[in-house]
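Chemist: Next comes work-v7.txt, compact mmCIF, C-alpha atoms:
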# COMPACT_ATOMS: atom_id res chain seq x y z
CA MET A 992 10.33 -21.25 11.70
CA HIS A 993 9.73 -17.58 10.85
CA SER A 994 13.32 -16.59 11.54
CA SER A 995 14.68 -19.65 9.71
CA ILE A 996 12.79 -18.59 6.55
CA ILE A 997 14.30 -15.11 6.80
CA GLN A 998 17.75 -16.66 7.22
CA THR A 999 17.36 -18.64 3.99
CA ALA A 1000 15.97 -15.55 2.22
CA GLU A 1001 19.09 -13.62 3.24
CA LYS A 1002 21.11 -15.93 0.99
CA LEU A 1003 19.29 -14.76 -2.14
CA LYS A 1004 21.28 -12.29 -4.21
CA GLU A 1005 19.79 -9.10 -5.63
CA PRO A 1006 19.73 -9.40 -9.44
CA SER A 1007 21.89 -7.08 -11.53
CA VAL A 1008 20.35 -3.89 -12.93
CA GLU A 1009 20.39 -5.51 -16.39
CA ALA A 1010 18.45 -8.55 -15.13
CA GLN A 1011 15.97 -6.28 -13.29
CA GLU A 1012 15.39 -4.27 -16.44
CA ALA A 1013 14.96 -7.41 -18.54
CA PHE A 1014 12.35 -8.64 -16.05
CA SER A 1015 10.56 -5.27 -16.10
CA ARG A 1016 10.46 -5.22 -19.90
CA LYS A 1017 8.86 -8.68 -19.95
CA LEU A 1018 6.57 -8.15 -16.95
CA GLU A 1019 3.29 -7.57 -18.78
CA THR A 1020 3.97 -10.43 -21.21
CA LEU A 1021 4.79 -12.79 -18.35
CA VAL A 1022 1.61 -11.84 -16.48
CA ALA A 1023 -0.62 -12.19 -19.55
CA LYS A 1024 0.84 -15.57 -20.53
CA GLY A 1025 0.79 -16.82 -16.95
CA ASN A 1026 -2.85 -15.88 -16.48
CA GLU A 1027 -3.75 -17.59 -19.74
CA VAL A 1028 -2.11 -20.83 -18.63
CA MET A 1029 -3.60 -20.66 -15.14
CA VAL A 1030 -7.22 -19.99 -16.17
CA SER A 1031 -7.11 -22.78 -18.74
CA ARG A 1032 -6.46 -25.37 -16.05
CA PRO A 1033 -9.44 -27.69 -15.53
CA ASP A 1034 -8.76 -27.76 -11.78
CA LEU A 1035 -8.78 -23.93 -11.46
CA ALA A 1036 -11.72 -23.81 -9.02
CA LYS A 1037 -10.01 -26.36 -6.77
CA LEU A 1038 -6.93 -24.13 -6.64
CA ILE A 1039 -8.53 -20.72 -6.12
CA GLY A 1040 -12.09 -21.36 -4.94
CA GLU A 1041 -15.31 -20.44 -6.73
CA ASP A 1042 -15.71 -17.02 -8.41
CA ASN A 1043 -12.14 -15.99 -7.72
CA ARG A 1044 -10.78 -15.88 -11.27
CA GLU A 1045 -10.52 -12.07 -11.40
CA MET A 1046 -8.89 -12.01 -7.99
CA ALA A 1047 -6.34 -14.61 -9.11
CA GLU A 1048 -5.49 -12.59 -12.22
CA ASN A 1049 -5.11 -9.39 -10.20
CA ASN A 1050 -3.00 -11.21 -7.65
CA ASN A 1051 -0.71 -12.49 -10.38
CA HIS A 1052 -0.23 -8.97 -11.72
CA ASN A 1053 0.43 -7.60 -8.23
CA PHE A 1054 2.82 -10.50 -7.59
CA ALA A 1055 4.84 -9.59 -10.69
CA ARG A 1056 5.03 -5.94 -9.65
CA PHE A 1057 5.97 -6.97 -6.13
CA MET A 1058 8.83 -9.11 -7.44
CA GLU A 1059 9.94 -6.17 -9.58
CA SER A 1060 10.09 -4.08 -6.36
CA ILE A 1061 11.98 -6.84 -4.55
CA PHE A 1062 14.56 -7.06 -7.33
CA LEU A 1063 15.00 -3.28 -7.21
CA VAL A 1064 15.73 -3.10 -3.46
CA TYR A 1065 16.12 -6.55 -2.03
CA ASP A 1066 15.08 -6.88 1.60
CA PRO A 1067 14.62 -10.46 2.90
CA ASN A 1068 12.31 -9.32 5.66
CA THR A 1069 10.02 -7.54 3.20
CA LEU A 1070 9.89 -10.65 1.04
CA VAL A 1071 8.96 -12.96 3.91
CA GLU A 1072 6.43 -10.63 5.58
CA THR A 1073 4.69 -9.86 2.29
CA VAL A 1074 4.42 -13.52 1.31
CA LEU A 1075 2.95 -14.28 4.73
CA TRP A 1076 0.41 -11.47 4.21
CA VAL A 1077 -0.49 -12.85 0.77
CA PHE A 1078 -0.95 -16.36 2.15
CA ARG A 1079 -3.18 -15.08 4.97
CA ALA A 1080 -5.29 -12.82 2.76
CA TYR A 1081 -5.76 -15.16 -0.19
CA ARG A 1082 -6.27 -18.33 1.84
CA SER A 1083 -8.99 -16.45 3.74
CA HIS A 1084 -10.63 -15.81 0.37
CA GLY A 1085 -10.61 -19.49 -0.61
CA PHE A 1086 -7.25 -19.96 -2.34
CA LYS A 1087 -5.55 -23.29 -1.60
CA THR A 1088 -1.83 -23.59 -0.93
CA THR A 1089 -1.62 -25.73 -4.08
CA TYR A 1090 -2.42 -22.55 -6.07
CA TRP A 1091 1.01 -21.10 -5.28
CA ALA A 1092 2.77 -24.32 -6.29
CA ALA A 1093 0.93 -24.30 -9.60
CA ASN A 1094 1.41 -20.58 -10.26
CA LEU A 1095 5.10 -20.55 -9.36
CA ASP A 1096 5.74 -23.52 -11.67
CA ILE A 1097 4.13 -21.52 -14.47
CA TRP A 1098 6.37 -18.55 -13.62
CA VAL A 1099 9.55 -20.63 -13.75
CA THR A 1100 8.57 -22.07 -17.15
CA LEU A 1101 7.73 -18.64 -18.59
CA LEU A 1102 10.83 -16.95 -17.19
CA LYS A 1103 12.94 -19.60 -18.90
CA GLU A 1104 11.12 -18.92 -22.18
CA GLU A 1105 11.21 -15.12 -21.99
CA LEU A 1106 14.55 -14.20 -20.39
CA ASN A 1107 18.00 -14.87 -21.74
CA PRO A 1108 19.84 -17.61 -19.75
CA GLU A 1109 22.11 -15.15 -17.90
CA TYR A 1110 19.20 -13.10 -16.55
CA PHE A 1111 17.10 -16.20 -15.91
CA ASP A 1112 19.86 -17.56 -13.66
CA GLU A 1113 19.79 -14.34 -11.60
CA ILE A 1114 15.99 -14.15 -11.28
CA VAL A 1115 14.90 -17.77 -10.90
CA PRO A 1116 16.46 -18.44 -7.43
CA PHE A 1117 13.75 -16.20 -5.93
CA TYR A 1118 10.98 -18.32 -7.49
CA LYS A 1119 12.67 -21.58 -6.51
CA TRP A 1120 13.05 -20.26 -2.97
CA LEU A 1121 9.32 -19.48 -2.90
CA ILE A 1122 8.44 -22.97 -4.19
CA VAL A 1123 10.62 -24.70 -1.60
CA ASN A 1124 9.14 -22.64 1.21
CA ILE A 1125 5.42 -23.03 0.37
CA PRO A 1126 4.90 -25.66 3.11
CA LYS A 1127 6.50 -23.36 5.69
CA PHE A 1128 4.38 -20.36 4.65
CA ALA A 1129 1.33 -22.61 4.77
CA ARG A 1130 2.13 -23.84 8.27
CA LEU A 1131 2.86 -20.33 9.54
CA THR A 1132 -0.52 -19.11 8.33
CA ASP A 1133 -2.53 -22.27 9.16
CA GLN A 1134 -3.71 -21.24 12.60
CA GLU A 1135 -4.78 -17.73 11.65
CA CYS A 1136 -6.66 -18.94 8.57
CA GLU A 1137 -8.42 -21.65 10.56
CA GLU A 1138 -9.51 -19.09 13.15
CA ILE A 1139 -10.86 -16.78 10.45
CA ILE A 1140 -12.79 -19.59 8.75
CA ALA A 1141 -14.14 -20.69 12.15
CA CYS A 1142 -15.53 -17.19 12.71
CA GLY A 1143 -18.31 -18.06 10.30
CA THR A 1144 -19.94 -16.44 7.30
CA PRO A 1145 -17.85 -13.73 5.70
CA HIS A 1146 -19.15 -10.30 4.74
CA GLY A 1147 -21.42 -10.09 7.78
CA MET B 366 -27.46 8.21 18.91
CA VAL B 367 -25.68 9.50 22.01
CA LEU B 368 -22.02 10.12 21.42
CA PRO B 369 -19.50 9.34 24.16
CA MET B 370 -17.77 12.46 25.45
CA VAL B 371 -14.23 13.16 24.33
CA GLU B 372 -12.31 13.36 27.58
CA CYS B 373 -9.13 14.69 26.11
CA PHE B 374 -8.92 16.51 22.81
CA GLN B 375 -5.50 15.01 22.10
CA HIS B 376 -6.88 11.47 21.93
CA ILE B 377 -10.01 9.74 20.77
CA GLN B 378 -11.56 7.26 23.16
CA GLU B 379 -11.65 3.62 22.08
CA GLU B 380 -15.42 3.51 22.58
CA LEU B 381 -15.95 6.40 20.18
CA TYR B 382 -13.53 4.89 17.64
CA LEU B 383 -15.39 1.56 17.73
CA GLU B 384 -18.73 3.32 17.30
CA TYR B 385 -17.39 5.23 14.30
CA LEU B 386 -15.88 2.03 12.82
CA HIS B 387 -19.22 0.28 13.16
CA LEU B 388 -21.01 3.16 11.40
CA LEU B 389 -18.36 3.23 8.69
CA LEU B 390 -18.65 -0.50 8.01
CA LYS B 391 -22.43 -0.22 7.85
CA GLY B 392 -22.16 2.65 5.39
CA ARG B 393 -24.06 5.03 7.70
CA LYS B 394 -22.34 8.16 6.46
CA ASP B 395 -24.77 10.64 8.03
CA GLU B 396 -23.94 9.30 11.48
CA CYS B 397 -20.20 9.22 10.68
CA HIS B 398 -20.67 12.87 9.72
CA GLN B 399 -22.23 13.59 13.13
CA VAL B 400 -19.34 11.95 14.99
CA VAL B 401 -16.76 13.96 13.07
CA GLN B 402 -18.67 17.25 13.33
CA SER B 403 -19.00 16.74 17.07
CA LEU B 404 -15.25 16.18 17.42
CA LEU B 405 -14.45 19.23 15.30
CA LYS B 406 -16.85 21.32 17.38
CA ASP B 407 -14.94 20.16 20.47
CA ASP B 408 -11.68 21.43 18.92
CA ILE B 409 -10.10 18.04 18.27
CA ALA B 410 -6.66 18.48 16.72
CA ILE B 411 -6.90 17.64 13.01
CA ARG B 412 -3.86 15.36 13.20
CA VAL B 413 -5.51 13.39 16.01
CA LEU B 414 -8.74 13.13 14.04
CA TYR B 415 -6.83 11.90 11.00
CA THR B 416 -4.62 9.35 12.75
CA GLU B 417 -6.84 8.08 15.56
CA LEU B 418 -10.12 7.97 13.68
CA PHE B 419 -9.64 7.99 9.91
CA GLN B 420 -6.30 6.19 9.58
CA LYS B 421 -6.96 3.70 12.37
CA SER B 422 -10.41 2.81 11.05
CA MET B 423 -9.19 2.42 7.46
CA TYR B 424 -6.30 0.17 8.55
CA ARG B 425 -8.88 -1.96 10.35
CA VAL B 426 -11.08 -2.00 7.24
CA GLY B 427 -8.07 -3.31 5.30
CA GLU B 428 -7.53 -6.06 7.87
CA LEU B 429 -11.17 -7.06 7.68
CA TRP B 430 -10.89 -7.40 3.89
CA GLU B 431 -7.72 -9.44 4.36
CA GLN B 432 -9.67 -11.79 6.65
CA ASN B 433 -12.57 -11.99 4.17
CA ARG B 434 -14.92 -10.48 6.75
CA ILE B 435 -15.96 -7.63 4.46
CA SER B 436 -16.28 -7.42 0.69
CA VAL B 437 -14.25 -5.22 -1.65
CA ALA B 438 -17.43 -3.18 -2.20
CA ARG B 439 -17.74 -2.44 1.51
CA GLU B 440 -14.04 -1.59 1.71
CA HIS B 441 -14.44 0.90 -1.14
CA LEU B 442 -17.57 2.35 0.46
CA ALA B 443 -15.60 2.95 3.67
CA THR B 444 -12.93 4.72 1.60
CA THR B 445 -15.41 7.05 -0.12
CA ILE B 446 -17.11 7.85 3.20
CA THR B 447 -13.73 8.64 4.76
CA GLU B 448 -12.90 10.91 1.81
CA SER B 449 -16.15 12.78 2.40
CA MET B 450 -15.28 13.07 6.12
CA LEU B 451 -12.00 14.74 5.16
CA ASN B 452 -14.01 17.46 3.43
CA LEU B 453 -15.60 18.35 6.77
CA THR B 454 -12.26 19.62 8.03
CA TYR B 455 -11.95 22.18 5.22
CA PRO B 456 -13.08 25.19 7.32
CA TYR B 457 -10.43 24.33 9.92
CA LEU B 458 -7.46 24.13 7.57
CA PHE B 459 -6.66 27.80 7.12
CA GLN B 460 -6.10 28.92 10.70
CA GLY B 461 -2.29 28.90 10.59
CA ASN B 462 -0.20 31.95 9.70
CA TYR B 463 0.67 31.97 6.02
CA SER B 464 4.27 30.84 5.75
CA GLY B 465 4.80 32.05 2.19
CA LYS B 466 5.90 28.54 1.20
CA LYS B 467 4.41 26.26 -1.41
CA ALA B 468 4.03 22.49 -1.34
CA VAL B 469 2.99 19.98 -3.98
CA ILE B 470 1.64 16.68 -2.65
CA SER B 471 0.98 13.87 -5.08
CA CYS B 472 0.50 10.19 -5.64
CA ILE B 473 2.54 8.64 -8.44
CA ALA B 474 1.26 7.05 -11.66
CA ASN B 475 -0.84 3.94 -11.01
CA GLU B 476 -1.16 4.73 -7.31
CA TYR B 477 -4.89 5.00 -6.66
CA HIS B 478 -4.88 5.27 -2.86
CA GLN B 479 -5.05 8.99 -2.17
CA LEU B 480 -6.38 9.25 1.39
CA GLY B 481 -2.93 9.42 2.99
CA GLY B 482 -1.73 12.06 0.55
CA LYS B 483 -4.81 14.20 1.20
CA MET B 484 -4.18 14.04 4.94
CA VAL B 485 -0.56 15.09 4.43
CA ALA B 486 -1.66 18.00 2.20
CA ASP B 487 -4.11 19.16 4.88
CA ILE B 488 -1.39 19.12 7.56
CA PHE B 489 0.80 21.33 5.35
CA GLU B 490 -2.19 23.66 4.87
CA ILE B 491 -2.86 23.89 8.61
CA HIS B 492 0.74 24.98 9.08
CA GLY B 493 0.32 27.90 6.70
CA TRP B 494 1.65 26.35 3.50
CA ASP B 495 0.07 27.08 0.13
CA THR B 496 -0.60 23.43 -0.70
CA HIS B 497 -1.41 21.84 -4.05
CA PHE B 498 -2.75 18.31 -3.72
CA LEU B 499 -2.74 16.56 -7.09
CA GLY B 500 -4.48 13.35 -6.00
CA ALA B 501 -4.13 9.84 -7.37
CA ASN B 502 -2.38 8.47 -10.46
CA ILE B 503 -0.43 11.50 -11.72
CA PRO B 504 1.63 10.80 -14.87
CA GLU B 505 5.33 11.59 -14.47
CA GLN B 506 5.59 14.19 -17.22
CA GLU B 507 2.51 16.06 -15.96
CA LEU B 508 3.97 16.16 -12.48
CA LEU B 509 7.33 17.46 -13.71
CA ARG B 510 5.61 20.16 -15.77
CA PHE B 511 3.51 21.22 -12.77
CA ILE B 512 6.56 21.45 -10.51
CA ASP B 513 8.32 23.54 -13.14
CA GLU B 514 5.34 25.93 -13.38
CA LEU B 515 4.71 26.27 -9.64
CA ASN B 516 8.31 26.24 -8.34
CA PRO B 517 7.34 24.82 -4.92
CA ASP B 518 9.54 24.68 -1.81
CA VAL B 519 8.77 21.01 -1.24
CA VAL B 520 7.25 18.08 -3.09
CA GLY B 521 5.68 15.20 -1.17
CA PHE B 522 4.90 11.71 -2.45
CA SER B 523 2.51 9.28 -0.84
CA LEU B 524 2.97 5.58 -1.58
CA ALA B 525 0.35 3.15 -0.32
CA VAL B 526 1.33 -0.11 -1.99
CA TYR B 527 4.83 -1.57 -1.96
CA PHE B 528 4.74 -2.85 -5.52
CA ASN B 529 4.66 0.76 -6.78
CA LEU B 530 8.23 1.24 -5.52
CA PRO B 531 9.82 1.04 -9.01
CA ARG B 532 7.48 3.79 -10.24
CA LEU B 533 8.34 5.94 -7.22
CA LYS B 534 12.04 5.45 -7.99
CA SER B 535 11.46 6.52 -11.57
CA VAL B 536 9.70 9.71 -10.40
CA LEU B 537 12.38 10.47 -7.78
CA ASP B 538 15.14 10.06 -10.40
CA LYS B 539 13.44 12.57 -12.67
CA VAL B 540 12.46 15.09 -9.98
CA ARG B 541 15.91 15.01 -8.43
CA GLY B 542 17.52 15.22 -11.89
CA ASN B 543 15.45 18.23 -12.94
CA PHE B 544 15.17 20.13 -9.65
CA GLN B 545 18.41 19.55 -7.75
CA ASN B 546 17.62 21.90 -4.83
CA LEU B 547 14.01 20.94 -4.27
CA ASP B 548 13.19 19.35 -0.91
CA ILE B 549 11.33 16.06 -1.23
CA VAL B 550 9.37 14.21 1.44
CA VAL B 551 8.06 10.68 1.05
CA GLY B 552 5.74 8.60 3.19
CA GLY B 553 2.90 6.14 3.16
CA HIS B 554 1.74 2.72 4.22
CA ALA B 555 3.96 1.02 1.60
CA PHE B 556 7.02 1.68 3.75
CA ALA B 557 5.64 -0.48 6.53
CA TRP B 558 6.84 -3.32 4.24
CA GLY B 559 10.31 -1.88 3.52
CA GLY B 560 11.82 0.33 0.84
CA ILE B 561 13.41 3.02 3.03
CA LYS B 562 16.83 1.74 1.89
CA MET B 563 15.96 2.93 -1.62
CA LEU B 564 15.06 6.43 -0.35
CA ASN B 565 18.41 6.69 1.42
CA THR B 566 20.23 6.56 -1.92
CA TYR B 567 19.02 10.09 -2.74
CA SER B 568 20.13 13.44 -1.38
CA ALA B 569 17.65 15.74 0.40
CA ILE B 570 14.82 13.24 0.47
CA GLU B 571 13.26 12.80 3.87
CA TYR B 572 11.13 9.81 4.84
CA ILE B 573 8.19 10.92 6.98
CA GLU B 574 6.83 7.98 8.95
CA SER B 575 3.76 9.66 10.44
CA LEU B 576 1.64 12.81 10.49
CA ASN B 577 3.02 13.44 13.96
CA ARG B 578 6.55 13.53 12.53
CA LEU B 579 5.39 15.77 9.69
CA GLU B 580 3.93 18.32 12.13
CA LYS B 581 7.25 18.40 14.00
CA ILE B 582 9.25 19.36 10.92
CA LEU B 583 6.84 21.98 9.55
Let me see the structure of the file written as structure tokens.
Modeler:
Amino acid sequence: MHSSIIQTAEKLKEPSVEAQEAFSRKLETLVAKGNEVMVSRPDLAKLIGEDNREMAENNNHNFARFMESIFLVYDPNTLVETVLWVFRAYRSHGFKTTYWAANLDIWVTLLKEELNPEYFDEIVPFYKWLIVNIPKFARLTDQECEEIIACGTPHG
Amino acid sequence: MVLPMVECFQHIQEELYLEYLHLLLKGRKDECHQVVQSLLKDDIAIRVLYTELFQKSMYRVGELWEQNRISVAREHLATTITESMLNLTYPYLFQGNYSGKKAVISCIANEYHQLGGKMVADIFEIHGWDTHFLGANIPEQELLRFIDELNPDVVGFSLAVYFNLPRLKSVLDKVRGNFQNLDIVVGGHAFAWGGIKMLNTYSAIEYIESLNRLEKIL
């Protein structure tokens, strides 16, 4: 499954310099608006666990900067390995896989609002690819997360 | 506490590493201090101390945070203790013959992880370089001004997190644009995720994957 995800990621096309720059210019706005939408959700705790709001906001900022790096030098392997790391780390801290579905939907909506259509068309395939592959990333990190949770109380 | 003997000064035994990691995670800095002083007294090579004790233990600390087995507070405590351990090596850094060369080692703007850069700076120092370590989060214009004033032989950048790659590119564009003949070295944990392709688009920029590799080229 791991290699099949990388194969699909290889089909994504690095955005043009103009689209990258448009994304970078809007990055802080996109993060701020996205966080506002996410934290206003009544089901927030179900998505991210208790007391994780700050972590979710930081993650969203880091995610935006990561995507900026990916657009700059696109490497399918880096994209897949980093998303796997994020799933492992954040699921271990109580985030549910439904969080990524919710957050990525917010991103697609905001990108459509903030970018001109030409740049949106170059950037959005990455987000759609992430949305489609959430179940695969979840399955690939299931076992490890279950083992970690089974180890007992954190912060021992 | 009885410390296990170091059988070979070129490597640190797993038992001693695990003992140090345990002390580090518990925040017992005085005992970490004893372990490091003992190794230095036994003439451990600084590079071995850095890679097999400090780097290895901090990578493990990062994994433990990732697995939610330690808190962010404990992770940061381990970082500050490790930074204080680096200070213990200060008397051992100036044993090499002065090469007459100058190096500037820096983190870029918004890069707050400075442990790796400090280790790199110390390795330069050991090899006789006059080294200027600027630390974390250096604004671009300040860095360019400093390079202009010092006129170093090499500038080194340490990048710990991958999402700082665009900022590194911005700095490299400006340094290469302003100082065409300056040698540049780049390294750091960020490149475990990728990004070397971006470095290859520049002339006279060398990616240094480890302290071992750095020692070989100095």
Chemist: Within 6 Å of chain A, which residues of chain B come that close, and what is the closest atom pair and distance in Å for each? Count all atoms listed in the file and give it as a tab-separated table.
Modeler:
residue	atom	partner	partner_atom	distance
B:Glu431	CA	A:Ala1080	CA	4.5
B:Gln432	CA	A:Ser1083	CA	5.5
B:Asn433	CA	A:His1084	CA	5.7
B:Arg434	CA	A:Pro1145	CA	4.5
B:Ile435	CA	A:His1146	CA	4.2
B:Ser436	CA	A:His1146	CA	5.7
B:Phe528	CA	A:Phe1057	CA	4.3
B:Leu530	CA	A:Ser1060	CA	5.7
B:Pro531	CA	A:Ser1060	CA	5.8
B:Trp558	CA	A:Thr1069	CA	5.4
B:Gly559	CA	A:Thr1069	CA	5.7
Chemist: Name the residues in contact with region 549-556 of chain B at a cut-off of 8 Å, using all atoms listed in the file, excluding same-chain residues fewer than 3 positions from it; report them as a ChimeraX atom specification.
Modeler: /B:481-482,519-527,559-561,569-575
Chemist: At a cut-off of 10 Å from (22.8, -8.7, -8.5) in the coordinates of the file, what residues are picked up using all atoms listed in the file, written as a ChimeraX atom specification?
Modeler: /A:1003-1011,1062-1063,1065,1110,1113-1114
Chemist: Considering all atoms listed in the file, return as a PyMOL selection string whatever protein or nucleic-acid residues lie within 9 Å of region 1027-1036 of chain A, sequence-local ones (same chain, fewer than 4 positions apart) excluded.
Modeler: chain A and resi 1022-1023+1040-1044+1047-1048+1086+1090+1093-1094+1097
Chemist: Which polymer residues have any atom within 6 Å of an atom of region 474-477 of chain B, counting only C-alpha atoms, with same-chain residues fewer than 4 positions away left out, as a PyMOL selection string?
Modeler: chain B and resi 501-504
Chemist: Might you pull out every residue within 12 Å of Leu509 (chain B), with only C-alpha atoms counted and same-chain residues fewer than 2 positions away left off, and present them as a PDB file with C-alpha atoms, in the coordinates of the input?
Modeler:
ATOM      1  CA  VAL B 469       2.990  19.980  -3.980  1.00  0.00           C
ATOM      2  CA  SER B 471       0.980  13.870  -5.080  1.00  0.00           C
ATOM      3  CA  ILE B 473       2.540   8.640  -8.440  1.00  0.00           C
ATOM      4  CA  ILE B 503      -0.430  11.500 -11.720  1.00  0.00           C
ATOM      5  CA  PRO B 504       1.630  10.800 -14.870  1.00  0.00           C
ATOM      6  CA  GLU B 505       5.330  11.590 -14.470  1.00  0.00           C
ATOM      7  CA  GLN B 506       5.590  14.190 -17.220  1.00  0.00           C
ATOM      8  CA  GLU B 507       2.510  16.060 -15.960  1.00  0.00           C
ATOM      9  CA  PHE B 511       3.510  21.220 -12.770  1.00  0.00           C
ATOM     10  CA  ILE B 512       6.560  21.450 -10.510  1.00  0.00           C
ATOM     11  CA  ASP B 513       8.320  23.540 -13.140  1.00  0.00           C
ATOM     12  CA  GLU B 514       5.340  25.930 -13.380  1.00  0.00           C
ATOM     13  CA  LEU B 515       4.710  26.270  -9.640  1.00  0.00           C
ATOM     14  CA  ASN B 516       8.310  26.240  -8.340  1.00  0.00           C
ATOM     15  CA  PRO B 517       7.340  24.820  -4.920  1.00  0.00           C
ATOM     16  CA  VAL B 520       7.250  18.080  -3.090  1.00  0.00           C
ATOM     17  CA  SER B 535      11.460   6.520 -11.570  1.00  0.00           C
ATOM     18  CA  VAL B 536       9.700   9.710 -10.400  1.00  0.00           C
ATOM     19  CA  LEU B 537      12.380  10.470  -7.780  1.00  0.00           C
ATOM     20  CA  ASP B 538      15.140  10.060 -10.400  1.00  0.00           C
ATOM     21  CA  LYS B 539      13.440  12.570 -12.670  1.00  0.00           C
ATOM     22  CA  VAL B 540      12.460  15.090  -9.980  1.00  0.00           C
ATOM     23  CA  ARG B 541      15.910  15.010  -8.430  1.00  0.00           C
ATOM     24  CA  GLY B 542      17.520  15.220 -11.890  1.00  0.00           C
ATOM     25  CA  ASN B 543      15.450  18.230 -12.940  1.00  0.00           C
ATOM     26  CA  PHE B 544      15.170  20.130  -9.650  1.00  0.00           C
TER      27      PHE B 544
END
Chemist: Given all atoms listed in the file as the basis, pick out the residue of A:Phe1014, A:Asp1133, A:Leu1038, A:Leu1095 nearest to Asp1112 (chain A).
Modeler: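 Checking each candidate against Asp1112 (chain A), we get A:Phe1014 as the closest.
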Chemist: Please compute the CA of Asn452 (chain B)-CA of Val426 (chain B) distance, one decimal, in Å.
Modeler: 20.0 Å
Chemist: Which is closest to His376 (chain B) among B:Leu405, B:Ala410, B:Ser422, B:Phe459, if we use all atoms listed in the file?
Modeler: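 Going through B:Leu405, B:Ala410, B:Ser422, B:Phe459 one by one, the smallest distance to His376 (chain B) is for B:Ala410.
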Chemist: Just to confirm, what's the straight-line distance from CA of Lys1127 (chain A) to CA of Lys1087 (chain A) in Å (one decimal)?
Modeler: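 Taking CA of Lys1127 (chain A) as the start and CA of Lys1087 (chain A) as the end point, the length is 14.1 Å.
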Chemist: Do you have the CA of Leu1131 (chain A)-CA of Thr1088 (chain A) distance handy?
Modeler: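 For CA of Leu1131 (chain A) relative to CA of Thr1088 (chain A), the distance reads 11.9 Å.
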Chemist: Counting only C-alpha atoms, which residue out of A:Ile1039, A:Leu1021, A:Leu1101, A:Ala1092 sits closest to Lys1119 (chain A)?
Modeler: A:Ala1092
Chemist: In terms of the shortest atom-to-atom distance over only C-alpha atoms, which of B:Arg578, B:Arg510, B:Lys534, B:Lys394 is closest to Ala443 (chain B)?
Modeler: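 Nearest to Ala443 (chain B): B:Lys394.
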Chemist: Show me the residues around (-14.0, 2.8, 15.1) - criterion: an atom at most 10 Å away, only C-alpha atoms counted - as a tab-separated table (two decimals) with C-alpha atoms, keeping the file's coordinate frame.
Modeler:
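File written: result.tsv
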chain	number	residue	atom	x	y	z
B	377	ILE	CA	-10.01	9.74	20.77
B	378	GLN	CA	-11.56	7.26	23.16
B	379	GLU	CA	-11.65	3.62	22.08
B	380	GLU	CA	-15.42	3.51	22.58
B	381	LEU	CA	-15.95	6.40	20.18
B	382	TYR	CA	-13.53	4.89	17.64
B	383	LEU	CA	-15.39	1.56	17.73
B	384	GLU	CA	-18.73	3.32	17.30
B	385	TYR	CA	-17.39	5.23	14.30
B	386	LEU	CA	-15.88	2.03	12.82
B	387	HIS	CA	-19.22	0.28	13.16
B	388	LEU	CA	-21.01	3.16	11.40
B	389	LEU	CA	-18.36	3.23	8.69
B	390	LEU	CA	-18.65	-0.50	8.01
B	397	CYS	CA	-20.20	9.22	10.68
B	417	GLU	CA	-6.84	8.08	15.56
B	418	LEU	CA	-10.12	7.97	13.68
B	419	PHE	CA	-9.64	7.99	9.91
B	421	LYS	CA	-6.96	3.70	12.37
B	422	SER	CA	-10.41	2.81	11.05
B	423	MET	CA	-9.19	2.42	7.46
B	425	ARG	CA	-8.88	-1.96	10.35
B	426	VAL	CA	-11.08	-2.00	7.24
Chemist: May I have the centre and edge lengths, in Å to one decimal, of an axis-aligned box around the listed atoms of region 1008-1021 of chain A with 8 Å added to every side, as AutoDock Vina command-line options?
Modeler:
--center_x 11.8 --center_y -8.3 --center_z -17.1 --size_x 33.1 --size_y 24.9 --size_z 24.3
Chemist: Go through A:Phe1117, A:Glu1045, A:Thr1132, A:Asn1124 and flag the residue nearest Lys1002 (chain A), using only C-alpha atoms for the distances.
Modeler: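 For Lys1002 (chain A), the nearest of the candidates is A:Phe1117.
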